[in-house]
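File shown: structure.cif (mmCIF, C-alpha atoms).
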```
data_my_file
loop_
_atom_site.label_atom_id
_atom_site.label_comp_id
_atom_site.auth_asym_id
_atom_site.auth_seq_id
_atom_site.Cartn_x
_atom_site.Cartn_y
_atom_site.Cartn_z
CA MET A 1 157.89 21.78 69.31
CA SER A 2 155.33 22.26 66.57
CA GLY A 3 152.52 22.28 69.22
CA LEU A 4 154.13 25.18 71.08
CA ARG A 5 154.34 27.29 67.93
CA GLY A 6 150.52 27.19 67.48
CA LYS A 7 149.68 28.42 71.03
CA LYS A 8 148.47 32.03 71.44
CA ASP A 9 150.11 34.39 73.86
CA LEU A 10 147.82 34.68 76.93
CA ASN A 11 149.22 37.99 78.18
CA THR A 12 146.46 40.38 77.01
CA GLU A 13 147.06 44.09 77.39
CA LEU A 14 144.30 46.45 78.50
CA ASN A 15 143.97 49.50 76.29
CA LEU A 16 144.35 52.25 78.84
CA THR A 17 143.78 55.29 76.60
CA PRO A 18 139.92 55.14 76.41
CA LEU A 19 139.82 54.23 80.11
CA VAL A 20 141.82 57.30 81.05
CA ASP A 21 139.64 59.41 78.70
CA LEU A 22 136.49 58.16 80.37
CA PHE A 23 137.86 58.72 83.87
CA SER A 24 138.95 62.26 83.05
CA THR A 25 135.49 63.10 81.68
CA ILE A 26 133.73 61.64 84.74
CA VAL A 27 136.07 63.44 87.12
CA CYS A 28 135.51 66.77 85.34
CA PHE A 29 131.72 66.33 85.38
CA LEU A 30 131.59 65.31 89.04
CA LEU A 31 133.91 68.13 90.10
CA ILE A 32 131.72 70.69 88.35
CA ALA A 33 128.47 69.17 89.66
CA ALA A 34 129.76 68.70 93.22
CA VAL A 35 127.94 70.45 96.06
CA TRP A 36 130.64 71.54 98.46
CA VAL A 37 128.48 73.03 101.22
CA GLN A 38 125.34 71.16 102.17
CA VAL A 39 122.65 73.65 103.13
CA ASN A 40 119.38 72.51 104.67
CA ALA A 41 116.25 74.47 105.49
CA LEU A 42 113.77 75.01 108.29
CA GLU A 43 110.38 75.74 106.78
CA VAL A 44 108.23 78.54 108.16
CA LYS A 45 104.59 78.83 107.16
CA GLN A 46 103.50 82.42 107.53
CA SER A 47 99.80 83.28 107.41
CA PHE A 48 98.40 86.30 105.64
CA GLY A 49 95.05 88.05 105.57
CA THR A 50 92.23 86.00 107.11
CA GLU A 51 93.90 82.65 106.54
CA ALA A 52 94.67 82.07 110.22
CA VAL A 53 91.06 82.54 111.38
CA ALA A 54 90.08 78.98 110.56
CA SER A 55 91.79 77.49 113.61
CA LYS A 56 89.97 74.58 115.23
CA ILE A 57 88.73 75.07 118.79
CA GLN A 58 89.64 71.49 119.77
CA ASN A 59 93.28 71.98 118.97
CA TYR A 60 95.88 73.95 120.82
CA ASP A 61 97.99 76.84 119.65
CA LEU A 62 101.37 77.51 121.14
CA ASN A 63 102.77 81.03 121.46
CA ILE A 64 106.42 81.37 122.36
CA SER A 65 107.74 84.80 123.25
CA TYR A 66 111.07 86.05 124.48
CA ILE A 67 111.01 88.32 127.49
CA SER A 68 114.81 88.62 127.22
CA PRO A 69 117.46 86.27 125.78
CA THR A 70 117.46 84.45 129.14
CA LYS A 71 113.71 84.51 129.81
CA MET A 72 111.02 82.89 127.70
CA LYS A 73 107.29 82.42 127.91
CA ALA A 74 105.18 79.67 126.36
CA VAL A 75 101.38 79.81 126.23
CA PHE A 76 99.32 76.77 125.20
CA LYS A 77 95.95 78.13 124.09
CA LYS A 78 92.72 76.25 123.50
CA GLY A 79 89.81 78.57 122.91
CA ARG A 80 89.74 80.87 125.92
CA ARG A 81 91.76 78.57 128.13
CA ALA A 82 95.48 79.06 128.37
CA LYS A 83 98.34 77.42 130.18
CA THR A 84 101.42 79.57 130.59
CA PHE A 85 105.01 78.55 131.35
CA ARG A 86 107.74 81.00 132.19
CA VAL A 87 111.30 79.76 132.09
CA LYS A 88 114.66 81.36 132.70
CA GLY A 89 118.28 80.33 132.75
CA ARG A 90 121.78 81.70 133.17
CA ASP A 91 122.17 81.91 129.37
CA PHE A 92 120.08 81.32 126.25
CA GLU A 93 121.04 77.62 125.92
CA THR A 94 119.92 76.83 129.47
CA THR A 95 116.70 78.77 129.01
CA LEU A 96 115.99 76.85 125.82
CA ALA A 97 116.75 73.53 127.51
CA ASN A 98 114.35 74.41 130.34
CA MET A 99 111.66 75.37 127.83
CA ASN A 100 112.22 72.05 126.05
CA LYS A 101 111.77 70.22 129.35
CA ASN A 102 108.50 72.10 130.04
CA ILE A 103 107.09 71.41 126.58
CA LYS A 104 107.96 67.71 126.86
CA ALA A 105 106.29 67.56 130.29
CA TRP A 106 103.17 69.26 128.93
CA PHE A 107 102.92 66.70 126.12
CA VAL A 108 103.28 63.85 128.63
CA LYS A 109 100.43 65.35 130.67
CA ASN A 110 98.19 66.06 127.65
CA LYS A 111 98.74 62.93 125.56
CA ASN A 112 95.83 63.53 123.19
CA ALA A 113 96.56 67.19 122.61
CA ILE A 114 97.35 68.37 119.12
CA VAL A 115 99.20 71.62 118.71
CA GLN A 116 97.97 72.96 115.42
CA SER A 117 100.23 75.95 115.04
CA THR A 118 103.12 77.52 116.87
CA PHE A 119 104.05 81.18 116.76
CA ILE A 120 107.29 82.72 117.88
CA LYS A 121 107.36 86.35 118.83
CA PRO A 122 110.82 87.88 118.40
CA LYS A 123 112.43 90.44 120.67
CA PHE A 124 115.24 92.98 120.41
CA GLY A 125 118.40 91.37 121.79
CA VAL A 126 117.48 87.93 120.46
CA ASP A 127 119.38 87.15 117.29
CA TYR A 128 118.56 84.97 114.29
CA GLY A 129 120.79 82.11 115.51
CA GLN A 130 118.81 81.95 118.75
CA LEU A 131 115.53 82.12 116.83
CA VAL A 132 116.63 79.17 114.67
CA SER A 133 117.69 77.23 117.79
CA THR A 134 114.19 77.78 119.23
CA MET A 135 112.59 76.59 116.00
CA ASP A 136 114.91 73.59 115.97
CA MET A 137 113.85 72.71 119.53
CA LEU A 138 110.15 73.01 118.58
CA LYS A 139 110.62 70.83 115.49
CA GLN A 140 112.34 68.21 117.63
CA ASN A 141 109.11 68.16 119.68
CA ASN A 142 107.14 67.48 116.46
CA LEU A 143 105.76 71.01 116.30
CA ASN A 144 106.07 71.55 112.58
CA ASN A 145 103.62 74.30 111.75
CA ILE A 146 105.72 77.23 112.89
CA GLY A 147 105.22 80.89 112.09
CA ILE A 148 107.12 83.99 113.13
CA LEU A 149 105.08 86.93 114.35
CA LYS A 150 105.87 90.45 113.33
CA ILE A 151 106.48 92.86 116.19
CA GLY A 152 103.23 94.68 116.87
CA SER A 153 101.06 91.82 115.54
CA ARG A 154 99.02 89.63 117.89
CA MET B 155 191.53 32.97 78.67
CA SER B 156 188.76 30.71 79.86
CA ASN B 157 187.54 27.49 78.47
CA ILE B 158 183.80 27.35 77.76
CA GLY B 159 182.81 24.12 76.21
CA THR B 160 185.10 23.63 73.26
CA GLN B 161 185.50 27.33 72.40
CA TYR B 162 187.97 29.73 73.82
CA LEU B 163 186.68 33.16 74.77
CA SER B 164 189.12 35.98 75.12
CA THR B 165 188.05 38.05 78.14
CA GLY B 166 190.28 40.90 77.02
CA CYS B 167 188.39 41.15 73.74
CA PHE B 168 185.00 41.10 75.44
CA GLU B 169 185.99 43.87 77.87
CA HIS B 170 187.20 45.90 74.98
CA HIS B 171 183.90 45.41 73.18
CA LEU B 172 181.90 46.57 76.26
CA LEU B 173 184.06 49.64 76.68
CA ALA B 174 183.68 50.56 73.02
CA ARG B 175 179.89 50.14 73.25
CA SER B 176 179.61 52.38 76.32
CA GLN B 177 181.80 54.95 74.61
CA LYS B 178 179.45 54.86 71.62
CA LYS B 179 176.43 55.38 73.90
CA LYS B 180 178.05 58.37 75.56
CA ASN B 181 178.64 59.98 72.21
CA LYS B 182 175.05 59.45 71.13
CA LYS B 183 172.27 61.92 72.15
CA LYS B 184 170.16 60.93 75.19
CA ASN B 185 166.80 59.40 74.42
CA ILE B 186 164.13 61.82 75.85
CA VAL B 187 161.07 59.54 75.73
CA ILE B 188 159.60 59.47 79.25
CA ALA B 189 157.13 56.77 80.05
CA LEU B 190 153.96 57.91 81.86
CA MET B 191 153.15 55.73 84.86
CA LEU B 192 149.62 54.83 83.82
CA THR B 193 148.95 52.37 86.62
CA SER B 194 149.19 54.94 89.41
CA MET B 195 147.24 57.48 87.35
CA VAL B 196 144.37 55.04 86.76
CA ASP B 197 144.45 54.19 90.49
CA MET B 198 144.18 57.86 91.38
CA PHE B 199 141.38 58.45 88.88
CA SER B 200 139.38 55.48 90.14
CA MET B 201 139.63 56.68 93.75
CA LEU B 202 138.68 60.22 92.77
CA VAL B 203 135.69 58.98 90.75
CA CYS B 204 134.53 56.76 93.64
CA PHE B 205 134.83 59.62 96.15
CA LEU B 206 132.98 62.09 93.92
CA LEU B 207 130.24 59.57 93.13
CA VAL B 208 129.70 58.86 96.83
CA THR B 209 129.55 62.56 97.74
CA PHE B 210 127.38 63.43 94.73
CA SER B 211 124.12 65.04 95.71
CA SER B 212 121.16 65.83 93.48
CA THR B 213 119.95 68.72 95.67
CA PRO B 214 120.43 72.14 94.10
CA GLU B 215 123.49 74.07 95.18
CA ILE B 216 122.61 77.24 97.00
CA THR B 217 125.21 79.95 96.89
CA ILE B 218 125.74 81.54 100.27
CA ALA B 219 126.26 85.28 99.98
CA ASN B 220 129.47 86.81 101.30
CA GLY B 221 129.53 87.79 104.96
CA ILE B 222 126.74 85.44 105.98
CA GLU B 223 127.34 82.91 108.71
CA LEU B 224 124.38 80.55 108.71
CA PRO B 225 123.06 79.16 112.01
CA LYS B 226 123.10 75.42 112.69
CA ALA B 227 120.08 73.22 113.32
CA LYS B 228 119.40 69.53 113.65
CA THR B 229 115.96 69.24 112.08
CA GLY B 230 116.68 70.74 108.66
CA VAL B 231 115.20 69.23 105.53
CA SER B 232 116.57 69.32 102.00
CA ILE B 233 116.18 72.68 100.33
CA LYS B 234 113.93 73.26 97.32
CA GLU B 235 114.75 75.58 94.46
CA ALA B 236 113.28 79.07 94.79
CA SER B 237 114.37 82.71 94.80
CA VAL B 238 116.84 83.62 97.52
CA ILE B 239 116.69 86.52 99.95
CA ALA B 240 120.02 86.99 101.70
CA LEU B 241 120.48 89.18 104.71
CA SER B 242 123.99 89.95 105.88
CA LYS B 243 124.71 92.06 108.96
CA ASP B 244 123.78 95.26 107.13
CA THR B 245 122.88 94.49 103.49
CA LEU B 246 119.95 92.82 101.78
CA TYR B 247 120.28 90.79 98.56
CA LEU B 248 117.58 89.38 96.31
CA ASP B 249 118.78 86.59 94.02
CA GLN B 250 122.38 87.71 94.57
CA ILE B 251 121.59 91.27 93.50
CA LYS B 252 122.27 93.88 96.13
CA ILE B 253 119.08 95.69 97.11
CA GLY B 254 120.59 98.03 99.66
CA PRO B 255 121.24 98.62 103.34
CA VAL B 256 118.74 96.86 105.63
CA LYS B 257 118.05 99.95 107.75
CA LYS B 258 117.13 101.97 104.66
CA ILE B 259 114.84 99.21 103.34
CA LEU B 260 113.08 98.81 106.67
CA LYS B 261 112.51 102.57 106.77
CA ASN B 262 111.14 102.71 103.26
CA PRO B 263 110.29 99.25 101.91
CA THR B 264 108.39 100.43 98.78
CA SER B 265 111.10 99.58 96.23
CA PHE B 266 111.79 96.21 97.86
CA VAL B 267 108.08 95.36 97.87
CA LYS B 268 107.90 96.35 94.19
CA LYS B 269 110.77 93.96 93.41
CA LEU B 270 109.00 91.17 95.27
CA ARG B 271 105.78 91.85 93.35
CA HIS B 272 107.76 91.82 90.09
CA LEU B 273 109.29 88.49 91.08
CA ARG B 274 105.85 87.05 91.85
CA ASN B 275 104.43 88.31 88.53
CA ASN B 276 107.40 86.82 86.66
CA TRP B 277 106.78 83.48 88.35
CA LYS B 278 103.10 83.59 87.43
CA ALA B 279 103.97 84.44 83.82
CA ALA B 280 106.43 81.55 83.68
CA HIS B 281 103.92 79.09 85.18
CA PRO B 282 100.54 79.86 83.60
CA GLY B 283 97.61 78.03 85.20
CA VAL B 284 99.65 77.01 88.24
CA GLU B 285 98.82 78.37 91.68
CA PHE B 286 101.60 80.53 93.13
CA THR B 287 103.57 78.44 95.63
CA GLY B 288 104.93 81.45 97.51
CA ARG B 289 108.18 79.65 98.27
CA MET B 290 111.23 81.72 99.14
CA ASN B 291 114.67 80.71 100.37
CA PHE B 292 115.88 82.88 103.20
CA GLN B 293 119.50 83.23 104.26
CA ALA B 294 120.54 85.41 107.13
CA ASP B 295 123.58 85.89 109.27
CA LYS B 296 123.07 84.34 112.70
CA SER B 297 123.87 87.61 114.48
CA VAL B 298 121.06 89.59 112.78
CA SER B 299 118.33 90.68 115.18
CA SER B 300 115.22 88.49 115.22
CA VAL B 301 113.08 91.62 114.95
CA THR B 302 114.73 92.52 111.62
CA ILE B 303 114.09 88.96 110.44
CA SER B 304 110.41 89.11 111.39
CA THR B 305 110.01 92.50 109.67
CA ILE B 306 111.57 91.20 106.43
CA MET B 307 109.36 88.12 106.68
CA GLY B 308 106.36 90.39 107.12
CA LEU B 309 107.26 92.11 103.86
CA LEU B 310 107.59 88.73 102.14
CA THR B 311 104.23 87.61 103.49
CA SER B 312 102.59 90.82 102.27
CA GLN B 313 103.54 89.70 98.74
CA ARG B 314 102.23 86.16 99.30
CA PHE B 315 105.64 84.57 99.84
CA ASN B 316 104.37 82.62 102.81
CA ILE B 317 106.44 79.45 102.67
CA ILE B 318 109.85 80.58 103.76
CA GLN B 319 112.75 78.16 103.86
CA MET B 320 115.30 79.41 106.35
CA ALA B 321 118.73 78.18 105.29
CA ILE B 322 120.70 76.42 107.99
CA LEU B 323 123.80 74.29 108.18
CA PRO B 324 123.35 70.74 109.44
CA GLY B 325 124.56 70.37 113.01
CA GLY B 326 123.58 71.95 116.28
CA GLY B 327 121.59 69.85 118.70
CA MET B 328 119.40 69.70 121.74
CA ILE B 329 120.81 70.86 125.02
CA ASN B 330 119.79 68.85 128.04
CA VAL B 331 121.18 71.25 130.64
CA THR B 332 118.64 72.19 133.27
CA GLU B 333 118.88 74.70 136.01
#
```
Show this structure as structure tokens.
Amino acid sequence: MSGLRGKKDLNTELNLTPLVDLFSTIVCFLLIAAVWVQVNALEVKQSFGTEAVASKIQNYDLNISYISPTKMKAVFKKGRRAKTFRVKGRDFETTLANMNKNIKAWFVKNKNAIVQSTFIKPKFGVDYGQLVSTMDMLKQNNLNNIGILKIGSR
Amino acid sequence: MSNIGTQYLSTGCFEHHLLARSQKKKNKKKNIVIALMLTSMVDMFSMLVCFLLVTFSSTPEITIANGIELPKAKTGVSIKEASVIALSKDTLYLDQIKIGPVKKILKNPTSFVKKLRHLRNNWKAAHPGVEFTGRMNFQADKSVSSVTISTIMGLLTSQRFNIIQMAILPGGGMINVTE
């Protein structure tokens, strides 16, 4: 009996007050610092002044222009040579898909070609969402140096 | 009467004692100490902390102006901190300050260009000896005409804001439909 009296009680209690304090502080901080809407970006590199003159003759430039929301034109330029594609579809999505197919086919044919810069010429009737979709399609084809032309500029 | 061991216990007495005790309790005021269920609260807090830690992102939060529905794209990259130009269907904002109706600005862009120049000069003053990056965040409603977008971008470029980050929502995708 005397041995039992000397034993310590093994049921330890966790002090919950500082734990709850810590949790409340972390929750408050994380709730304040939380980013609820994740926004990404598509980068556009616009040229100004004479900056664009220094284009290399060996590399291609790609000009994309809208004839209408369902008709598009792509011109691969290398010096004075140019290869033009005209695509159309029943709606904008189909037109864009056809353009994507053409660009992919051109890259298969010209494996060593480097497209240095891509310009998109906007058009009345084509909205910003469609412009972004076009840029997205170009970026998926590894065309990263994209600029948007101002109406009236070459 | 029942016989427990060598003692006799009167059940009548015991019942009487219990009745008296319950009567006493009824007369007393109710004890209002309510125990907080800490276990479930700690559980809830831990789950909340885990969820918030997992969803925590170090990228800066960009406020999207009212009335702007951003387009979706698949190839977006994380946004970098810069001034924000927001273009709703009919109004232009610069760093959340209303500049005015888009049509009016496109007709006479002098005041807008002045504001951009002021912004650029402020940046240069804040970063002495550093080359101007020309970075600008651009938000626009997806239904705005592409010609309006290109004109606004032209104005930005005229003030050396030539790296424009067009805000998009992650999503969208490539369409493989062919005709």
Compile the residues of chain A that lie within 7 Å of chain B, evaluated using only C-alpha atoms, and express the compilation as a PyMOL selection string. chain A and resi 20+23+26-27+30+34-35+38-48+89+93-94+97-98+122-129+131-133+136-137+139-140+148-151
Expressed in Å to a single decimal, how great is the separation between atom CA of A:Ser68 and atom CA of A:Asn110?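 Value for the atom CA of A:Ser68-atom CA of A:Asn110 distance: 28.0 Å.
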So the first atom is atom CA of A:Leu14 and the second is atom CA of A:Phe29; what is the distance between them in Å, to one decimal place?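 Between atom CA of A:Leu14 and atom CA of A:Phe29 the gap is 24.5 Å.
The spacing separating atom CA of A:Asn144 from atom CA of B:Phe286 amounts to 21.9 Å.
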